[in-house]
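Student: So that we are looking at the same thing, I have put the structure below in structure tokens.
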Amino acid sequence: MPPTLSAEQIREVNTRYHDVAADHYDAKWGIDFGPVGREQVLAKVDKALGHRPDGWARSLEIGAGTGYFTLNLMRAGKIAHATCTDISPGMLHTLRANAERLELDVRTERVDAERLPFDDASFDLVLGHAVLHHIPDLARAFGEFQRVLAPGGTVLFAGEPSRYGDRLARMPKRAAVALAPLWRRALRARPAIADSDAAPDVELEGVVDVHAFSPRELARAARDAGFVDVRITGEELLASWFGWTNRTLEASAAPDDVPWAWRQYAYRGYLMLQSLDRTLLESRLPPGVFYNLLIAARKPRA
Ligand SMILES: C[S@@+](CC[C@H](N)C(=O)[O-])C[C@H]1O[C@@H](n2cnc3c(N)ncnc32)[C@H](O)[C@@H]1O
């Protein structure tokens, strides 16, 4: 059981954990800024909203990490002026390097999601991916998203773990831990060195993830802050089982010893199952069984 930490300690551990992760983050999670990444992000945005958006003039991303969502949406021509924020200076450093390489002009600011240093009504879109579950006081954060959005503005978050989906994903993770020594032997890979600078402390994972949501709880957080037209969807079931199995195996080995062919198999297999989930399962099963939840809502005009 991870120790009970105060909100301030959770923020501090999140900063430390993600600072260490920043350099290897894109490689570890297969983050792409080419056509594959762009299509993935657009598909998530379409799914969250229920339609393809025209685009937004001013966006604010919370917990932007290395820029996966905003940079891909800018490349797709969906965002004109972007502000990317994160609590981790290391992540923002990698994001700026990615933006420079892609020749994108982005404003960055180190910010805690619960205290946004921006004027009221100064954005048309507040967005994020895989960040809400790290935020200690979600009600306060949603209150801030509401405040900085212009009337009629959109709030959109994807990649949030669902409580039930997260429980289901523990099975492949456990199986992978048991299989890891055999798998390493087959691939002639050495075990990972626990205190390597490149490997964020896995013990901290249980501390940085402070929520897994039911669809109803996530919807309530938005409604209580005054949002309307709240829409919750779910994605990734088979893809998440496959992905967690492979990531757990890979994390057990020295990164340089994981063969390129294995990484290709893991990446392509994940994309294939993602599309199977999308076409076969997402319209048939309730959002709560999927690993990831998406939420979109609107700030009222009046
Ligand atoms: C799982 S990563 C996701 C990064 C990026 N959105 C992506 O999808 O690749 C979560 C991010 O949230 C940031 N974060 C954690 N707690 C935060 C907080 N209280 N306020 C702002 N950002 C936070 C972390 O530093 C990290 O970059």
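Ordering of the structure tokens sets the chain letters (A, B, ...), residue numbers begin anew at 1 in every chain, and ligands are numbered from 1 in the order given.
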Can you list every residue of chain A that has an atom at most 7 Å from ligand 1, with its nearest atom pair and the distance in Å to one decimal, using only C-alpha atoms and all ligand atoms, ordered by chain then number, as a tab-separated table?
Tutor:
```
residue	atom	partner	partner_atom_place_in_ligand_line	distance
A:Arg11	CA	ligand 1	19 (N)	5.5
A:Asn14	CA	ligand 1	15 (C)	5.2
A:Thr15	CA	ligand 1	25 (O)	5.4
A:His18	CA	ligand 1	25 (O)	4.9
A:Ile62	CA	ligand 1	21 (C)	5.7
A:Gly63	CA	ligand 1	22 (N)	3.7
A:Ala64	CA	ligand 1	6 (N)	4.1
A:Gly65	CA	ligand 1	27 (O)	3.6
A:Thr66	CA	ligand 1	9 (O)	5.9
A:Gly67	CA	ligand 1	5 (C)	6.4
A:Tyr68	CA	ligand 1	9 (O)	5.1
A:Phe69	CA	ligand 1	8 (O)	6.6
A:Thr85	CA	ligand 1	21 (C)	6.9
A:Asp86	CA	ligand 1	22 (N)	4.1
A:Ile87	CA	ligand 1	22 (N)	4.2
A:Ser88	CA	ligand 1	25 (O)	4.4
A:Met91	CA	ligand 1	27 (O)	5.6
A:Val111	CA	ligand 1	21 (C)	5.8
A:Asp112	CA	ligand 1	20 (N)	3.7
A:Ala113	CA	ligand 1	20 (N)	3.9
A:Glu114	CA	ligand 1	19 (N)	6.6
A:Gly128	CA	ligand 1	6 (N)	5.8
A:His129	CA	ligand 1	6 (N)	4.3
A:Ala130	CA	ligand 1	3 (C)	4.8
A:Val131	CA	ligand 1	12 (O)	4.5
A:His134	CA	ligand 1	16 (N)	4.8
A:Ile135	CA	ligand 1	19 (N)	4.6
A:Pro136	CA	ligand 1	19 (N)	6.9
```
Student: Do you know which residues are at most 10 Å from segment 208-222 of chain A counting only C-alpha atoms, after dropping those on the same chain fewer than 4 positions away, and could you put them as a PyMOL selection string?
Tutor: chain A and resi 7+9-18+130-143+145-146+155+160-167+203-204+226-234+286-289+291-299
Student: Among the residues of segment 131-297 of chain A, find those DSSP assigns to alpha helix (DSSP H) from the backbone and print them as an MDAnalysis selection string.
Tutor: chainID A and resid 138:148 163:187 205:208 215:224 238:251 260:276
Student: Within 12 Å of Arg188 of chain A, counting only C-alpha atoms, which residues qualify if same-chain residues fewer than 5 places away don't, as an MDAnalysis selection string?
Tutor: chainID A and resid 180:183 253:254 256:259
Student: Include N, CA and C atoms and write out the residues we just selected as a PDB file, in the first residue's frame.
Tutor:
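Result saved to result14.pdb:
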```
ATOM      1  N   ALA A 180       8.098 -12.306 -16.831  1.00  0.00           N
ATOM      2  CA  ALA A 180       9.234 -11.467 -17.241  1.00  0.00           C
ATOM      3  C   ALA A 180      10.579 -12.206 -17.286  1.00  0.00           C
ATOM      4  N   PRO A 181      10.939 -13.028 -16.262  1.00  0.00           N
ATOM      5  CA  PRO A 181      12.260 -13.682 -16.324  1.00  0.00           C
ATOM      6  C   PRO A 181      12.396 -14.591 -17.556  1.00  0.00           C
ATOM      7  N   LEU A 182      11.320 -15.330 -17.860  1.00  0.00           N
ATOM      8  CA  LEU A 182      11.344 -16.226 -19.038  1.00  0.00           C
ATOM      9  C   LEU A 182      11.486 -15.420 -20.327  1.00  0.00           C
ATOM     10  N   TRP A 183      10.705 -14.345 -20.375  1.00  0.00           N
ATOM     11  CA  TRP A 183      10.706 -13.476 -21.559  1.00  0.00           C
ATOM     12  C   TRP A 183      12.101 -12.878 -21.793  1.00  0.00           C
ATOM     13  N   ALA A 253      13.364  -5.112 -18.393  1.00  0.00           N
ATOM     14  CA  ALA A 253      14.655  -5.353 -19.064  1.00  0.00           C
ATOM     15  C   ALA A 253      15.454  -4.064 -19.225  1.00  0.00           C
ATOM     16  N   ALA A 254      16.768  -4.211 -19.386  1.00  0.00           N
ATOM     17  CA  ALA A 254      17.608  -3.051 -19.707  1.00  0.00           C
ATOM     18  C   ALA A 254      17.124  -2.505 -21.054  1.00  0.00           C
ATOM     19  N   ASP A 256      18.277  -0.970 -23.607  1.00  0.00           N
ATOM     20  CA  ASP A 256      19.044  -1.221 -24.832  1.00  0.00           C
ATOM     21  C   ASP A 256      18.974  -2.674 -25.285  1.00  0.00           C
ATOM     22  N   ASP A 257      18.541  -3.568 -24.391  1.00  0.00           N
ATOM     23  CA  ASP A 257      18.497  -4.992 -24.736  1.00  0.00           C
ATOM     24  C   ASP A 257      17.166  -5.416 -25.346  1.00  0.00           C
ATOM     25  N   VAL A 258      16.183  -4.497 -25.381  1.00  0.00           N
ATOM     26  CA  VAL A 258      14.885  -4.864 -25.983  1.00  0.00           C
ATOM     27  C   VAL A 258      15.020  -4.702 -27.496  1.00  0.00           C
ATOM     28  N   PRO A 259      14.916  -5.803 -28.259  1.00  0.00           N
ATOM     29  CA  PRO A 259      15.189  -5.717 -29.698  1.00  0.00           C
ATOM     30  C   PRO A 259      14.184  -4.834 -30.445  1.00  0.00           C
TER      31      PRO A 259
END
```
Student: Which of these residues is nearest to Thr108 of chain A, using only C-alpha atoms: A:Ser59, A:Thr154, A:Thr4, A:Ser122?
Tutor: A:Ser59
Student: Residues within 9 Å of Phe242 of chain A, please, as an mmCIF file with N, CA and C atoms, in the first residue's frame. Count only C-alpha atoms; anything in the same chain fewer than 3 positions from it doesn't count.
Tutor:
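Listing of around13.cif after writing:
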```cif
data_model
loop_
_atom_site.group_PDB
_atom_site.id
_atom_site.type_symbol
_atom_site.label_atom_id
_atom_site.label_comp_id
_atom_site.auth_asym_id
_atom_site.auth_seq_id
_atom_site.Cartn_x
_atom_site.Cartn_y
_atom_site.Cartn_z
ATOM 1 N N PRO A 172 -3.378 -8.626 -16.813
ATOM 2 C CA PRO A 172 -2.217 -8.778 -17.697
ATOM 3 C C PRO A 172 -0.925 -8.238 -17.090
ATOM 4 N N LEU A 237 -9.806 -1.623 -24.868
ATOM 5 C CA LEU A 237 -9.993 -2.771 -23.991
ATOM 6 C C LEU A 237 -8.914 -3.796 -24.348
ATOM 7 N N LEU A 238 -9.036 -4.402 -25.538
ATOM 8 C CA LEU A 238 -8.024 -5.370 -25.969
ATOM 9 C C LEU A 238 -6.660 -4.679 -26.095
ATOM 10 N N ALA A 239 -6.670 -3.463 -26.645
ATOM 11 C CA ALA A 239 -5.395 -2.740 -26.829
ATOM 12 C C ALA A 239 -4.723 -2.475 -25.486
ATOM 13 N N THR A 245 0.664 -5.589 -20.943
ATOM 14 C CA THR A 245 1.508 -6.785 -20.885
ATOM 15 C C THR A 245 2.895 -6.446 -21.438
ATOM 16 N N ASN A 246 2.918 -5.838 -22.612
ATOM 17 C CA ASN A 246 4.208 -5.566 -23.253
ATOM 18 C C ASN A 246 5.029 -4.526 -22.498
ATOM 19 N N ARG A 247 4.345 -3.477 -22.025
ATOM 20 C CA ARG A 247 5.095 -2.430 -21.298
ATOM 21 C C ARG A 247 5.691 -2.979 -20.007
ATOM 22 N N ALA A 266 5.216 -4.856 -30.760
ATOM 23 C CA ALA A 266 4.378 -4.314 -29.682
ATOM 24 C C ALA A 266 3.603 -3.089 -30.184
ATOM 25 N N GLY A 269 1.040 -4.159 -33.054
ATOM 26 C CA GLY A 269 -0.037 -4.958 -32.456
ATOM 27 C C GLY A 269 -0.998 -4.066 -31.690
ATOM 28 N N TYR A 270 -0.428 -3.090 -30.972
ATOM 29 C CA TYR A 270 -1.255 -2.160 -30.199
ATOM 30 C C TYR A 270 -2.176 -1.355 -31.129
ATOM 31 N N LEU A 273 -5.011 -3.591 -32.443
ATOM 32 C CA LEU A 273 -6.067 -3.869 -31.462
ATOM 33 C C LEU A 273 -6.867 -2.609 -31.127
#
```
Student: Pick out the closest residue to Ala175 of chain A from this set: A:Val126, A:Gly153, A:Arg190, A:Leu249. Count only C-alpha atoms.
Tutor: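 Among the listed residues, the smallest separation from Ala175 of chain A belongs to A:Leu249.
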Student: What is the distance, in Å and to one decimal place, between atom CA of Asp120 of chain A and atom CA of Arg147 of chain A?
Tutor: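 Separation of atom CA of Asp120 of chain A and atom CA of Arg147 of chain A: 5.3 Å.
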Student: Pick from A:Leu281, A:Glu250, A:Arg185, A:Leu156: nearest to Asp46 of chain A, with only C-alpha atoms counted?
Tutor: A:Leu156
Student: Looking at A:Leu127, A:Leu49, A:Ala192, A:Ala251, which one is nearest to Leu149 of chain A, with distances taken over only C-alpha atoms?
Tutor: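 Residue with the minimum atom-to-atom distance to Leu149 of chain A: A:Leu127.
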